[in-house]
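A.B. asks: Here it is, the structure, as structure tokens.
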Amino acid sequence: MIFFKTLVFFNTVVFFSSCVQFTTKAGAMNIDSKNDTFRRYVYVNPQSKDTSWSYREVRKVEKLIGLKSIQDGFDSLQIRIWIGYSSSEAQLVMLSRQDGVYSARLYHLRFFINEVIHDYDSVKSLVTNIKPKSQWDSVIAKLISFDICSLPDSDEIENYPIIADGRGVIIETSTKKNYRFVRYLDPAIGVKYNIKEAEKVVNILNLLQSEFTIKYLNDHYKEW
């Protein structure tokens, strides 16, 4: 029992250390930081000087479903994995740690688009509380091994395949000290190009599916 508690504590410390560290490569920018003690990592296109379309869309969707943004930090940790399928459907897996307690939620999202203004009329969400099959420390250890808190944005990765209209995966991580937003268009295709970061994203999706019994909405994801 003492060993088990020590292992849980060790994995938690390592996990928080990896999520608190702020890493960035040459194309990524730390935008709109609140102060020197809080860092925000969001990829900014060096030509347009703008954030990605995905980043702006997530900000819209969270408002429409009444979800508080985590771009200004979270006490003590929240991870959001957005899984997009089309312009009409998506899923969101939200893992949180607050007051020493872990929890998880699954959102099924349905988008209703106004074709005149080409924007959302509304978003409907079905929310389910979910629990991992394994102990949380086991889930945490696997997330650490997949670098969930330090993955670069796919736009920073040399030779990442150009995908005009692929299914997207967005990973947000937030702590008291930093916020990260990264996106991967069709990571399964990235794996075929031997992109190691895409393989880690696929491993994260596989972990979510196996631990939380998540049924992805599109058969394409069953390959992962």
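Ordering of the structure tokens sets the chain letters (A, B, ...), residue numbers begin anew at 1 in every chain, and ligands are numbered from 1 in the order given.
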How would you write, as JSON, numbers by chain, the set of residues in range 66-209 of chain A that DSSP gives as alpha helix (DSSP H)?
C.D. replies: {"A": [136, 137, 138, 139, 140, 141, 142, 143, 144, 145, 187, 188, 189, 190, 191, 192, 196, 197, 198, 199, 200, 201, 202, 203, 204, 205, 206, 207, 208, 209]}
A.B. asks: If you count only C-alpha atoms, which residues fall within 6 Å of range 164-181 of chain A, apart from same-chain ones fewer than 4 positions away, as a CSV table (one decimal) with C-alpha atoms, in the first residue's frame?
C.D. replies:
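So out_9.csv came out as:
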```csv
chain,number,residue,atom,x,y,z
A,38,PHE,CA,2.5,32.5,-17.1
A,39,ARG,CA,3.3,31.3,-20.6
A,40,ARG,CA,0.9,30.7,-23.5
A,41,TYR,CA,2.0,28.5,-26.4
A,42,VAL,CA,-0.1,28.9,-29.6
A,71,GLN,CA,-6.2,29.7,-22.1
A,73,GLY,CA,-4.6,28.8,-16.9
A,74,PHE,CA,-6.3,26.2,-14.8
A,75,ASP,CA,-6.0,25.1,-11.2
A,76,SER,CA,-4.4,22.6,-11.2
A,77,LEU,CA,-4.5,20.7,-14.5
A,78,GLN,CA,-6.9,20.3,-17.4
A,79,ILE,CA,-6.4,18.5,-20.7
A,80,ARG,CA,-8.8,18.8,-23.6
A,81,ILE,CA,-8.6,16.6,-26.7
A,82,TRP,CA,-10.9,17.8,-29.5
A,83,ILE,CA,-11.6,15.2,-32.2
A,84,GLY,CA,-13.1,16.6,-35.3
A,85,TYR,CA,-14.9,14.6,-38.0
A,185,LEU,CA,-4.7,17.2,-39.2
A,186,ASP,CA,-5.2,13.5,-39.8
```
A.B. asks: Which is closer to Ser210 in chain A than all the others in A:Ser134, A:Ser69, A:Ser52, A:Ser87, using only C-alpha atoms?
C.D. replies: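 Among A:Ser134, A:Ser69, A:Ser52, A:Ser87, it is A:Ser134 that comes nearest to Ser210 in chain A.
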A.B. asks: Go through A:Asn129, A:Glu199, A:Asn206, A:Phe112 one by one, measure the shortest atom-to-atom distance of each to Leu151 in chain A using only C-alpha atoms, and give the residue with the smallest value.
C.D. replies: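 Among A:Asn129, A:Glu199, A:Asn206, A:Phe112, it is A:Glu199 that comes nearest to Leu151 in chain A.
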A.B. asks: Could you jot down the CA of Leu126 in chain A to CA of Lys68 in chain A separation for me, Å, one decimal place?
C.D. replies: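 Atom-to-atom, CA of Leu126 in chain A and CA of Lys68 in chain A are spaced 16.4 Å apart.
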A.B. asks: Run DSSP on the backbone and grab whatever in range 80-200 of chain A lands in strand (DSSP E); send it over as number ranges by chain.
C.D. replies: A: 80-84, 89-98, 101-114, 119-130, 168-175, 178-185
A.B. asks: Excluding same-chain residues fewer than 3 positions from range 142-145 of chain A, what lies within 7 Å of it counting only C-alpha atoms, as JSON, numbers by chain?
C.D. replies: {"A": [15, 138, 139, 148, 204]}
A.B. asks: Grab the residues selected above and save them as a short mmCIF file (atom, residue, chain, number, x, y, z; two decimals), in the first residue's frame with N, CA and C atoms.
C.D. replies:
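Output file out_34.cif follows:
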```
data_model
loop_
_atom_site.label_atom_id
_atom_site.label_comp_id
_atom_site.auth_asym_id
_atom_site.auth_seq_id
_atom_site.Cartn_x
_atom_site.Cartn_y
_atom_site.Cartn_z
N PHE A 15 4.25 14.13 -13.93
CA PHE A 15 3.26 14.61 -14.88
C PHE A 15 3.13 16.13 -14.80
N SER A 138 -1.79 4.97 -13.75
CA SER A 138 -1.40 4.24 -14.95
C SER A 138 -1.70 5.07 -16.20
N VAL A 139 -2.86 5.70 -16.21
CA VAL A 139 -3.23 6.57 -17.33
C VAL A 139 -2.25 7.73 -17.44
N ILE A 148 2.27 14.33 -23.95
CA ILE A 148 1.05 15.08 -24.21
C ILE A 148 1.19 16.57 -23.87
N ILE A 204 -2.21 8.49 -28.07
CA ILE A 204 -3.10 9.15 -27.10
C ILE A 204 -4.55 8.79 -27.39
#
```
A.B. asks: Using CA of Ile162 in chain A and CA of Glu57 in chain A as the two end points, give the distance in Å to one decimal.
C.D. replies: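 Computing the Euclidean distance for CA of Ile162 in chain A and CA of Glu57 in chain A yields 20.0 Å.
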A.B. asks: Please provide as a list of chain:residue names all residues within 8 Å of Lys200 in chain A, with the sequence filter that same-chain residues fewer than 4 positions apart are discarded (counting only C-alpha atoms).
C.D. replies: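 In the requested form, the answer reads A:Phe146, A:Asp147, A:Lys196, A:Ile204.
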A.B. asks: With N, CA, C and O atoms retained, could you export that selection as a short mmCIF file (atom, residue, chain, number, x, y, z; two decimals), in the first residue's frame?
C.D. replies:
```
data_model
loop_
_atom_site.label_atom_id
_atom_site.label_comp_id
_atom_site.auth_asym_id
_atom_site.auth_seq_id
_atom_site.Cartn_x
_atom_site.Cartn_y
_atom_site.Cartn_z
N PHE A 146 3.73 9.66 -23.90
CA PHE A 146 3.34 10.17 -25.22
C PHE A 146 3.57 11.68 -25.35
O PHE A 146 3.15 12.29 -26.35
N ASP A 147 4.22 12.28 -24.34
CA ASP A 147 4.59 13.72 -24.39
C ASP A 147 3.38 14.63 -24.60
O ASP A 147 3.47 15.63 -25.32
N LYS A 196 7.00 10.97 -36.00
CA LYS A 196 6.93 10.37 -34.67
C LYS A 196 5.91 11.09 -33.78
O LYS A 196 5.26 10.46 -32.94
N ILE A 204 -2.21 8.49 -28.07
CA ILE A 204 -3.10 9.15 -27.10
C ILE A 204 -4.55 8.79 -27.39
O ILE A 204 -5.33 8.47 -26.47
#
```
